[in-house]
Every structure is written in structure tokens, then in C-alpha cells.
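Undergrad: The following block contains the structure, expressed as C-alpha cells.
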Amino acid sequence: MQRIFSGIQPSGIPTLGNYLGAMRNWAALQHDHECIYCVVDLHAITQWQEPADLARQTREMAASLLACGIDPRAHILFNQSAVPAHARLGWIFYCVTRLGWLNRMTQFKDKAGKDRENVSAGLYIYPSLMAADILAYHATRVPVGEDQRQHLELANDIAQKFNHDYGVEFFPHIEPLIMGPAARVMSLRDGTRKMSKSDASDQSRINLNDDADMIAAKIRRAKTDAEPLPGEAEGLEGRPEARNLVGIFAALTDTDHASVLREHGGRGFGAFKESLTALLVEKLAPIASETTRWLNDPGAIEAVLRDGAARAAALCDPIVAEAERLVGFLSVQGVKAGRA
């Protein structure tokens with residue numbers, strides 16, 4: 001089976017957008033791939049994190065992944081900082097990466113904005129650590145969205161340069177794993193903005209631990225327009241809120257806008273929202289319940305992460321040790337103090 005690596009930021013309880021965009025795909029990939037899934041807490045600190053919040057949010061993200069169906073016995077789930085090989089290979093890759101490559105990274109420009117002189121150096125160089133995350137396991141497949149394609153191309157550039165510089169064929173080529181059109185879930189309060197936990201209003205998003213009453217209230221208050229649903233997908237043009245709600249329904253039923261509108265076209269939003277609420281509760285209630293169960297036992301979450309880190313290290317430590325040998329690092333492990 002092909003080995004997959006993918007990581008997710010420890011941003012706490014995920015939203016419906018996180019679930020439809022990535023997490024449910026991660027669960028599906030377990031059937032025919034060897035999967036290594038990582039809560040990337042090293043990446044998280046490229047921007048300031050309150051320490052207690054970071055620890056809590058790491059547990060929350062792990063609990064949510066487990067609730068969404070990640071099987072930590074058949075596959076590997078761990079937090080990045082628990083496996084030092086990531087940082088070891090990361091430093092080698094920082095030295096392989098060219099500044100010109102990093103200067104082309106559009107995501108850094110977007111995140112740094114006009115204040116780029118005051119952002120952390122970590123935010124600038126983290127794509128090289130992302131390459132190390134993947135290549136430390138010789139993973140050959142990575143599920144990616146459009147916003148990460150450029151980083152995956154950089155990872156392949158780094159691998160190719162390392163291989164060239166040291167005259168080896170050591171790091172493999174990574175292929176993007178395209179899961180079909182990703183559901184792009186927008187804010188329930190503004191259909192032109194992505195659903196995000198950073199939005200000040202909790203009414204803008206569905207969280208994976210929202211109960212049925214909360215889901216119903218949020219969908220009932222979701223912004224719409226005055227027209228009924230159109231009969232064809234073309235009728236959603238210029239109607240971002242309508243497109244968003246129809247898109248959520250389509251993603252949850254594994255169909256498309258046209259299929260949803262064949263069934264619901266011509267209806268007012270009141271009736272459609274009732275159907276959407278029932279569907280969301282059906283799909284998300286088991287996840288919310290399971291997330292709560294895990295969060296009530298933080299020791300169990302940490303045991304899963306600890307076991308995953310040990311198994312991850314067993315895979316990547318020999319690979320990173322060989323990369324260090326190729327670079328010329330002298331291994332003195334096991335040499336007793338005072339002896340040459």
C-alpha cells in the first residue's frame with residue numbers, strides 16, 4: 001500500500017468546513033493506504049499560542065479525528081513535537097531550501113500581509129518543515145487542497161536537490177492525492193467568506209461538537225436571500241448564501257448542486273433549512289457524541305498520541321539517521337563519556 005502523510009493544525013474543535021474539506025477523506029483513505037496522521041503543533045507556534053490553549057487544542061483536535069473515524073490501531077496518529085526527527089530533518093531541509101523558492105510562496109505573502117517584517121521566521125520557513133514531515137517517512141502520497149499544492153511542489157524541489165547534492169536517490173517523489181472536488185464551506189453569515197474558527201461570531205460556523213439544538217438554531221439563522229431555490233445550478237450564480245447551503249447539502253450526501261436542486265428546487269429556504277438541519281444532525285450527532293466521550297478522558301487521548309509517536313519514530317528515525325549520515329553528521333550515540 002502507498003504510504004500517506006497528512007497533518008492538521010491543532011486549532012481546537014474543527015468546523016464543518018474542516019470535516020468536509022479534509023477529515024472525512026482521511027478516514028476514507030484508511031481502507032487502502034498506510035496512513036500517518038499528525039497534529040502539527042510545531043507548525044502552530046509559527047504564530048503566538050497561549051501554552052495552555054495549545055495543549056488543550058491539541059487534545060481537542062486529536063479527539064475530533066478519532067471521533068471522525070481515524071483508527072489509531074491500524075494507522076498512526078500523533079502530535080508532531082513528540083517525534084524529534086521532524087525537527088532534525090527540518091534543519092537539514094532549511095539548509096537545502098533556496099531563499100528564492102521561499103520568496104515565491106504565496107501563502108506566506110497572504111498571511112504576513114503588509115507587516116511581513118514583524119512576523120516570525122518560522123512562518124517564512126515552515127514549508128521546509130512541512131517537506132520534512134512528509135519525507136521523514138518516505139511517504140509518496142499527500143492529500144492536498146489547492147492552497148497546499150505549491151508547498152508540495154516545494155517539497156519535491158527540496159527532495160530533488162538533496163538527492164542531487166549528495167549523489168543519491170534517497171528521498172522519493174511525492175504525488176498529490178486528489179480526492180475529487182473539495183467542499184468549500186462558507187460562513188453561515190456571509191457566503192463570500194470561508195467558514196472559520198477565527199470568525200468572532202460562533203453563529204457563522206457549525207462546530208463538530210454542536211448538539212442538535214445548536215445546529216438547528218444556526219441553520220435557522222443562516223443568511224439567505226428572498227428568492228426560492230432555483231431548479232438548476234446556474235440559478236445559484238450571484239447568490240453566495242444559497243450556493244453555500246446547497247453545497248453543504250450536496251457534500252453531506254455525496255452528490256452535486258444539480259442533484260440537490262432537482263429535489264429541492266422551487267422550495268423556500270424555510271423548508272430547505274429544515275431538511276438541511278435534519279441531515280446535519282444525522283451526520284454530525286455521532287461525531288459530536290464521540291468527541292465528547294474522548295474529551296472526557298484526556299488520559300486516553302494522550303495514550304493514543306504517545307503510542308502513535310512511538311510507532312511514528314520507529315518508522316522515521318532510521319530514515320532521518322540515514323539522511324544525517326549522507327550529510328556527513330558524525331554519530332556518537334553509545335560512546336561513553338571520556339572515551340575517544
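Naming scheme: A, B, ... for chains in displayed order of the C-alpha cells; residues 1 onward per chain; ligands 1 onward as shown.
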Show me, as CSV, the residues of range 146-238 of chain A having an atom within 12 Å of range 96-116 of chain A, each with the closest atom pair and its distance in Å, using only C-alpha atoms.
TA:
residue,atom,partner,partner_atom,distance
A:Glu146,CA,A:Gln107,CA,11.1
A:Asp147,CA,A:Gln107,CA,7.6
A:Gln148,CA,A:Gln107,CA,8.6
A:Arg149,CA,A:Met105,CA,10.5
A:Gln150,CA,A:Met105,CA,7.1
A:His151,CA,A:Met105,CA,7.6
A:Leu152,CA,A:Met105,CA,11.1
A:Glu153,CA,A:Trp101,CA,10.2
A:Leu154,CA,A:Trp101,CA,7.3
A:Ala155,CA,A:Thr97,CA,9.2
A:Asn156,CA,A:Thr97,CA,10.9
A:Asp157,CA,A:Thr97,CA,8.3
A:Ile158,CA,A:Thr97,CA,6.1
A:Ala159,CA,A:Val96,CA,8.9
A:Gln160,CA,A:Val96,CA,10.0
A:Lys161,CA,A:Val96,CA,7.1
A:Phe162,CA,A:Val96,CA,6.6
A:Asn163,CA,A:Val96,CA,10.4
A:His164,CA,A:Val96,CA,10.8
A:Asp165,CA,A:Val96,CA,8.9
A:Tyr166,CA,A:Val96,CA,11.0
Undergrad: If we count only C-alpha atoms, what is near Ala314 in chain A at a cut-off of 10 Å, once residues fewer than 6 positions away on the same chain are taken out, given as number ranges by chain?
TA: A: 83, 137, 308
Undergrad: Just to be explicit: take each residue in the selection above, keep C-alpha atoms, and write the result as a CSV table (one decimal), in the first residue's frame.
TA:
chain,number,residue,atom,x,y,z
A,83,VAL,CA,8.9,12.9,17.3
A,137,TYR,CA,8.6,8.8,6.4
A,308,GLY,CA,1.4,6.9,17.8
Undergrad: How many Å separate CA of Glu263 in chain A from CA of Ser196 in chain A?
TA: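 One can read the CA of Glu263 in chain A to CA of Ser196 in chain A distance as 29.2 Å.
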Undergrad: Could you check which of A:His33, A:Lys218, A:Ala278, A:Arg239 is closest to Thr192 in chain A, using only C-alpha atoms?
TA: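 Among A:His33, A:Lys218, A:Ala278, A:Arg239, it is A:Arg239 that comes nearest to Thr192 in chain A.
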Undergrad: If DSSP is run on the backbone, what residues of range 14-117 of chain A are alpha helix (DSSP H)? A reply as an MDAnalysis selection string would be ideal.
TA: chainID A and resid 16:18 24:29 41:44 51:67 85:96 99:103 106:112
